[in-house]
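Worksheet: the structure to be examined is printed underneath.
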Amino acid sequence: MAISIEEIKKLRAMTGAGLADVKKALTEAEGDFDKAKELLRERGLAIAAKRSDRETSNGCVLVKVDGNFAATIALKCETDFVANGADFIALTQAILDAAVAAKCKTLDEVKELVLADGQKVQDAVTQRSGITGEKMELDGYLTLEGDNVEVYDHMGKHTLCTLVQTNKTNADAGHKVAMQVAAMKPVALDAASVEQKILDEEYKTAVEKTKLEQE
C-alpha cells in the first residue's frame, strides 16, 4: 500500500516520530493511523526496556508559577544532545504546564495526566524515548503553594531551577534568594532542619580528616 507524504506528515505531527519511523509504521498498519500510533508506542516501550539499566545523567529541568501554585519538574535522558533538543524541552514544558494547571501534588499524579494530544504523560515520555533511542524518566517533581513564591531558571539553560517562598511580599529579595539557593545548593533551610543522616556523615568525615591530619 502506497503511503502519501501528507499521511506521513500528519502522523509525524501527531507523534513527533522521525519520518522513516512514521512511514514504516503506516506501511505496516496499511494506513491505519491508530494502529500506526500503537506500533510506534510499542517500539518506544521496547527501546525503553532494552535501555532500562542505562544512566540518565542529563535532562531538562523547568519551573513555573501560576497564581499561588508553583512547581518544578525534571525529565531525564542519557545525553546533553537530546536534553538540549527543542522537542525534548517542549515535552517537558507540556508536562509541567499540565501539572501546574491540575495542581498535582505528586509525581505519580503527574504521570497519570493526559496531555493536549490525548496521550498520558508516561506514554508521551515512552514514545519520545522510542524516537530518540535513549532511556528517559521523569524525576524530581516539587511544589510550593501560597503567596510570595519566586522561581529561578539558572542562566535559562533548563538544568538547574529553584523555588523560594518568602514570608513577606518582596519579589526582588525572593529572586535573589532563589539565585543564591541555585549557587550554594543548601541542604536545609536552617541548622535545625538538617537531616540526622547528613549530620552523621559530616561528623564521620570530620573525624577521618582529623585522624589524617594527626598522622
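Going through the C-alpha cells in order, the chains are called A, B, and so on, while each chain numbers its residues from 1 and the ligands are numbered from 1 in the order shown.
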
Surrounding residues of Thr166 (chain A) excluding itself and chain neighbours under 2 positions, 10 Å, only C-alpha atoms, as a PyMOL selection string | chain A and resi 146-150+164+168-171+173-175+177

Using only all heavy atoms, please write the residues we just selected to a file, as a compact mmCIF listing (two decimals), in the first residue's frame.
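File produced: result_38.txt:
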```
# COMPACT_ATOMS: atom_id res chain seq x y z
N GLY A 146 0.97 29.03 47.88
CA GLY A 146 0.81 30.21 48.70
C GLY A 146 1.31 31.47 48.02
O GLY A 146 1.66 31.45 46.83
N ASP A 147 1.39 32.54 48.77
CA ASP A 147 1.84 33.82 48.23
C ASP A 147 3.37 33.91 48.25
O ASP A 147 4.05 33.13 48.91
CB ASP A 147 1.25 34.97 49.04
CG ASP A 147 -0.27 35.00 48.98
OD1 ASP A 147 -0.82 34.63 47.92
OD2 ASP A 147 -0.90 35.38 49.99
N ASN A 148 3.87 34.92 47.54
CA ASN A 148 5.29 35.30 47.57
C ASN A 148 6.23 34.17 47.15
O ASN A 148 7.25 33.93 47.78
CB ASN A 148 5.68 35.78 48.97
CG ASN A 148 4.74 36.84 49.51
OD1 ASN A 148 4.29 37.70 48.77
ND2 ASN A 148 4.43 36.77 50.80
N VAL A 149 5.89 33.48 46.07
CA VAL A 149 6.76 32.43 45.55
C VAL A 149 7.52 32.98 44.33
O VAL A 149 6.92 33.53 43.41
CB VAL A 149 5.96 31.19 45.13
CG1 VAL A 149 6.88 30.16 44.48
CG2 VAL A 149 5.26 30.57 46.33
N GLU A 150 8.82 32.85 44.37
CA GLU A 150 9.67 33.26 43.26
C GLU A 150 10.37 32.04 42.67
O GLU A 150 10.72 31.10 43.42
CB GLU A 150 10.72 34.28 43.72
CG GLU A 150 10.15 35.59 44.21
CD GLU A 150 9.41 36.36 43.12
OE1 GLU A 150 9.85 36.32 41.96
OE2 GLU A 150 8.39 37.00 43.44
N VAL A 164 11.42 29.50 45.72
CA VAL A 164 11.61 30.13 47.03
C VAL A 164 10.32 30.84 47.43
O VAL A 164 9.70 31.52 46.62
CB VAL A 164 12.77 31.15 47.00
CG1 VAL A 164 12.74 32.03 48.25
CG2 VAL A 164 14.10 30.43 46.90
N LYS A 168 7.14 37.65 53.34
CA LYS A 168 6.65 38.99 53.02
C LYS A 168 6.76 39.24 51.52
O LYS A 168 7.55 38.59 50.83
CB LYS A 168 7.47 40.06 53.76
CG LYS A 168 7.32 40.01 55.27
CD LYS A 168 8.15 41.11 55.93
CE LYS A 168 8.02 41.06 57.44
NZ LYS A 168 8.84 42.11 58.11
N THR A 169 5.96 40.15 51.00
CA THR A 169 5.99 40.46 49.57
C THR A 169 7.23 41.27 49.23
O THR A 169 7.36 42.43 49.64
CB THR A 169 4.74 41.26 49.16
OG1 THR A 169 3.57 40.50 49.49
CG2 THR A 169 4.76 41.54 47.67
N ASN A 170 8.15 40.66 48.52
CA ASN A 170 9.37 41.33 48.07
C ASN A 170 9.96 40.49 46.95
O ASN A 170 10.81 39.63 47.17
CB ASN A 170 10.37 41.49 49.21
CG ASN A 170 11.51 42.43 48.83
OD1 ASN A 170 11.95 42.46 47.69
ND2 ASN A 170 11.99 43.20 49.81
N ALA A 171 9.46 40.75 45.72
CA ALA A 171 9.86 39.94 44.57
C ALA A 171 11.36 39.99 44.32
O ALA A 171 11.98 38.97 43.99
CB ALA A 171 9.10 40.41 43.33
N ALA A 173 13.86 40.54 46.50
CA ALA A 173 14.57 39.76 47.50
C ALA A 173 14.37 38.27 47.29
O ALA A 173 15.30 37.47 47.39
CB ALA A 173 14.11 40.16 48.90
N GLY A 174 13.13 37.88 46.95
CA GLY A 174 12.83 36.48 46.71
C GLY A 174 13.63 35.93 45.54
O GLY A 174 14.15 34.80 45.58
N HIS A 175 13.75 36.74 44.47
CA HIS A 175 14.50 36.32 43.30
C HIS A 175 15.98 36.14 43.63
O HIS A 175 16.62 35.18 43.20
CB HIS A 175 14.33 37.35 42.19
CG HIS A 175 15.06 37.00 40.92
ND1 HIS A 175 14.67 35.95 40.11
CD2 HIS A 175 16.15 37.55 40.33
CE1 HIS A 175 15.50 35.87 39.08
NE2 HIS A 175 16.40 36.82 39.19
N VAL A 177 17.25 35.43 46.57
CA VAL A 177 17.40 34.24 47.40
C VAL A 177 17.36 32.99 46.52
O VAL A 177 18.14 32.04 46.72
CB VAL A 177 16.31 34.17 48.48
CG1 VAL A 177 16.36 32.83 49.21
CG2 VAL A 177 16.46 35.31 49.48
```

At a cut-off of 7 Å, can you tabulate as CSV every residue of region 118-189 of chain A near region 99-111 of chain A together with its closest atom pair and the distance in Å to one decimal, using only C-alpha atoms and ordering rows by chain then number?
```
residue,atom,partner,partner_atom,distance
A:Lys120,CA,A:Lys111,CA,6.9
A:Val121,CA,A:Lys111,CA,5.0
A:Gln122,CA,A:Lys111,CA,5.1
A:Tyr141,CA,A:Leu107,CA,5.6
A:Thr143,CA,A:Lys105,CA,6.9
```

Could you turn the residues from that selection into a file that holds N, CA and C atoms, as a compact mmCIF listing (two decimals), in the first residue's frame?
```txt
# COMPACT_ATOMS: atom_id res chain seq x y z
N LYS A 120 -1.32 10.01 27.71
CA LYS A 120 -0.92 10.11 29.10
C LYS A 120 0.54 10.56 29.15
N VAL A 121 0.89 11.26 30.20
CA VAL A 121 2.25 11.76 30.34
C VAL A 121 3.27 10.64 30.22
N GLN A 122 3.08 9.54 30.94
CA GLN A 122 4.05 8.45 30.91
C GLN A 122 4.18 7.86 29.51
N TYR A 141 9.76 15.98 40.98
CA TYR A 141 8.66 16.93 40.92
C TYR A 141 8.43 17.53 42.31
N THR A 143 6.72 21.06 44.59
CA THR A 143 5.75 22.16 44.52
C THR A 143 5.84 23.08 45.73
```

Going by DSSP on the backbone, which bits of region 26-194 of chain A are strand (DSSP E)? Write them as a ChimeraX atom specification, please.
-> /A:58-66,69-77,137-145,149-153,161-165

Run DSSP on the backbone and grab whatever in region 33-201 of chain A lands in alpha helix (DSSP H); send it over as number ranges by chain.
-> A: 33-50, 80-83, 86-102, 107-111, 121-132, 171-184, 196-201

Pick from A:His154, A:Lys76, A:Arg12, A:Lys209 nearest to Met179 (chain A), counting only C-alpha atoms =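 That would be A:His154, the residue with the smallest distance to Met179 (chain A).
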
Restricting the calculation to only C-alpha atoms, which member of A:Val194, A:Leu40, A:Cys77, A:Ala2 is positioned closest to Ala17 (chain A)?
->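 Looking at the shortest contact to Ala17 (chain A), the residue is A:Leu40.
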
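Between Ala183 (chain A) and the residues A:Leu212, A:Leu19, A:Lys35, A:Tyr152, the shortest atom-to-atom distance, using only C-alpha atoms, involves A:Tyr152.
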
Residues at most 10 Å from Ala46 (chain A), counting only C-alpha atoms, excluding those fewer than 3 positions away in the same chain, as a PyMOL selection string?
-> chain A and resi 40-43+49-52+126+129-130+133

Can you write just those residues out, C-alpha atoms, as a PDB file, in the first residue's frame?
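Resulting contents of selection29.pdb:
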```pdb
ATOM      1  CA  LEU A  40       5.238   3.498  17.460  1.00  0.00           C
ATOM      2  CA  ARG A  41       4.261   3.266  21.133  1.00  0.00           C
ATOM      3  CA  GLU A  42       5.245  -0.417  21.298  1.00  0.00           C
ATOM      4  CA  ARG A  43       8.625   0.338  19.742  1.00  0.00           C
ATOM      5  CA  ALA A  49      13.038  -1.861  28.197  1.00  0.00           C
ATOM      6  CA  LYS A  50      16.349  -2.522  26.440  1.00  0.00           C
ATOM      7  CA  ARG A  51      17.933   0.570  27.962  1.00  0.00           C
ATOM      8  CA  SER A  52      16.421   0.267  31.436  1.00  0.00           C
ATOM      9  CA  THR A 126       7.972   6.437  26.496  1.00  0.00           C
ATOM     10  CA  SER A 129      12.298   7.542  24.298  1.00  0.00           C
ATOM     11  CA  GLY A 130      11.490   5.395  21.287  1.00  0.00           C
ATOM     12  CA  GLY A 133      16.640   5.793  21.289  1.00  0.00           C
TER      13      GLY A 133
END
```

Of the listed residues A:Gly44, A:Thr79, A:Lys176, A:Leu199, that which approaches Val125 (chain A) most closely, counting only C-alpha atoms |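 Of the candidates, the smallest distance to Val125 (chain A) is held by A:Gly44.
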
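Put simply, CA of Ala124 (chain A) is 24.2 Å away from CA of Phe69 (chain A).
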
Between CA of Gln214 (chain A) and CA of Glu202 (chain A), distance in Å (one decimal) |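 Separation of CA of Gln214 (chain A) and CA of Glu202 (chain A): 18.5 Å.
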
Atom-to-atom span, CA of Thr72 (chain A) and CA of Gly118 (chain A), Å =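 Atom-to-atom, CA of Thr72 (chain A) to CA of Gly118 (chain A), that is 22.6 Å.
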
Got a sec: who's within 12 Å of Lys10 (chain A), counting only C-alpha atoms, leaving out chain neighbours fewer than 2 positions off, as an MDAnalysis selection string?
-> chainID A and resid 3:8 12:19 22:23 26 31 33 36:37

Quick one: write out the picked residues with C-alpha atoms as a short mmCIF file (atom, residue, chain, number, x, y, z; two decimals), in the first residue's frame?
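out_37.cif, written as the output of this step:
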```
data_model
loop_
_atom_site.label_atom_id
_atom_site.label_comp_id
_atom_site.auth_asym_id
_atom_site.auth_seq_id
_atom_site.Cartn_x
_atom_site.Cartn_y
_atom_site.Cartn_z
CA ILE A 3 1.60 5.91 1.81
CA SER A 4 1.32 9.57 0.82
CA ILE A 5 3.66 12.27 2.10
CA GLU A 6 0.61 14.05 3.55
CA GLU A 7 -0.21 11.00 5.70
CA ILE A 8 3.39 10.75 6.87
CA ARG A 12 4.66 12.84 12.38
CA ALA A 13 2.90 15.97 13.65
CA MET A 14 0.75 13.82 15.92
CA THR A 15 3.60 11.78 17.40
CA GLY A 16 6.85 13.67 16.84
CA ALA A 17 8.43 10.48 15.48
CA GLY A 18 11.01 10.53 12.70
CA LEU A 19 9.90 10.39 9.06
CA VAL A 22 6.38 7.08 10.72
CA LYS A 23 6.47 5.75 7.16
CA LEU A 26 1.98 3.47 8.47
CA GLY A 31 -2.61 3.33 6.51
CA PHE A 33 -3.42 5.83 11.96
CA ALA A 36 0.42 3.02 13.40
CA LYS A 37 0.44 5.08 16.61
#
```

Given the choices A:Ile73, A:Ala20, A:Lys9, A:Glu78, which gets closest to Gly140 (chain A) if the distance is worked out from only C-alpha atoms?
->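 Looking at the shortest contact to Gly140 (chain A), the residue is A:Ile73.
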
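The smallest atom-to-atom distance between Asp139 (chain A) and any of A:Leu96, A:Val207, A:Ala191, A:Ile47, using only C-alpha atoms, is found for A:Leu96.
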
Write out as a PDB file with N, CA and C atoms, in the first residue's frame which residues come within 9 Å of region 159-162 of chain A when counting only C-alpha atoms, dropping same-chain ones fewer than 6 positions away.
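Output saved as around_8.pdb:
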```
ATOM      1  N   ASN A  58      21.636  13.301  32.220  1.00  0.00           N
ATOM      2  CA  ASN A  58      21.320  14.597  31.625  1.00  0.00           C
ATOM      3  C   ASN A  58      19.797  14.793  31.642  1.00  0.00           C
ATOM      4  N   GLY A  59      19.356  15.949  31.194  1.00  0.00           N
ATOM      5  CA  GLY A  59      17.915  16.169  31.162  1.00  0.00           C
ATOM      6  C   GLY A  59      17.537  17.637  31.134  1.00  0.00           C
ATOM      7  N   CYS A  60      16.260  17.873  31.274  1.00  0.00           N
ATOM      8  CA  CYS A  60      15.708  19.226  31.250  1.00  0.00           C
ATOM      9  C   CYS A  60      14.952  19.468  32.555  1.00  0.00           C
ATOM     10  N   VAL A  61      15.254  20.575  33.216  1.00  0.00           N
ATOM     11  CA  VAL A  61      14.566  20.970  34.443  1.00  0.00           C
ATOM     12  C   VAL A  61      13.858  22.296  34.186  1.00  0.00           C
ATOM     13  N   LEU A  62      12.576  22.345  34.465  1.00  0.00           N
ATOM     14  CA  LEU A  62      11.802  23.570  34.255  1.00  0.00           C
ATOM     15  C   LEU A  62      11.024  23.918  35.513  1.00  0.00           C
ATOM     16  N   VAL A  63      10.697  25.190  35.649  1.00  0.00           N
ATOM     17  CA  VAL A  63       9.969  25.676  36.813  1.00  0.00           C
ATOM     18  C   VAL A  63       8.904  26.665  36.351  1.00  0.00           C
ATOM     19  N   THR A  72       8.269  22.569  39.970  1.00  0.00           N
ATOM     20  CA  THR A  72       9.435  22.308  39.133  1.00  0.00           C
ATOM     21  C   THR A  72       9.488  20.817  38.837  1.00  0.00           C
ATOM     22  N   ILE A  73       9.945  20.471  37.638  1.00  0.00           N
ATOM     23  CA  ILE A  73       9.996  19.061  37.258  1.00  0.00           C
ATOM     24  C   ILE A  73      11.216  18.811  36.393  1.00  0.00           C
ATOM     25  N   ALA A  74      11.717  17.584  36.446  1.00  0.00           N
ATOM     26  CA  ALA A  74      12.862  17.195  35.626  1.00  0.00           C
ATOM     27  C   ALA A  74      12.490  15.997  34.763  1.00  0.00           C
ATOM     28  N   GLU A 150       8.825  32.846  44.374  1.00  0.00           N
ATOM     29  CA  GLU A 150       9.674  33.260  43.258  1.00  0.00           C
ATOM     30  C   GLU A 150      10.368  32.036  42.673  1.00  0.00           C
ATOM     31  N   VAL A 151      10.571  32.036  41.362  1.00  0.00           N
ATOM     32  CA  VAL A 151      11.228  30.908  40.701  1.00  0.00           C
ATOM     33  C   VAL A 151      12.442  31.396  39.918  1.00  0.00           C
ATOM     34  N   TYR A 152      13.377  30.488  39.704  1.00  0.00           N
ATOM     35  CA  TYR A 152      14.613  30.851  39.010  1.00  0.00           C
ATOM     36  C   TYR A 152      15.110  29.685  38.174  1.00  0.00           C
ATOM     37  N   ASP A 153      15.416  29.976  36.905  1.00  0.00           N
ATOM     38  CA  ASP A 153      15.992  29.008  35.976  1.00  0.00           C
ATOM     39  C   ASP A 153      17.395  29.504  35.662  1.00  0.00           C
ATOM     40  N   ALA A 178      16.459  32.981  45.535  1.00  0.00           N
ATOM     41  CA  ALA A 178      16.359  31.837  44.621  1.00  0.00           C
ATOM     42  C   ALA A 178      17.666  31.646  43.855  1.00  0.00           C
ATOM     43  N   MET A 179      18.292  32.744  43.449  1.00  0.00           N
ATOM     44  CA  MET A 179      19.587  32.665  42.760  1.00  0.00           C
ATOM     45  C   MET A 179      20.662  32.132  43.709  1.00  0.00           C
ATOM     46  N   VAL A 181      20.228  30.181  46.301  1.00  0.00           N
ATOM     47  CA  VAL A 181      19.980  28.754  46.512  1.00  0.00           C
ATOM     48  C   VAL A 181      20.591  27.943  45.374  1.00  0.00           C
ATOM     49  N   ALA A 182      20.423  28.432  44.137  1.00  0.00           N
ATOM     50  CA  ALA A 182      20.995  27.745  42.977  1.00  0.00           C
ATOM     51  C   ALA A 182      22.513  27.715  43.060  1.00  0.00           C
TER      52      ALA A 182
END
```
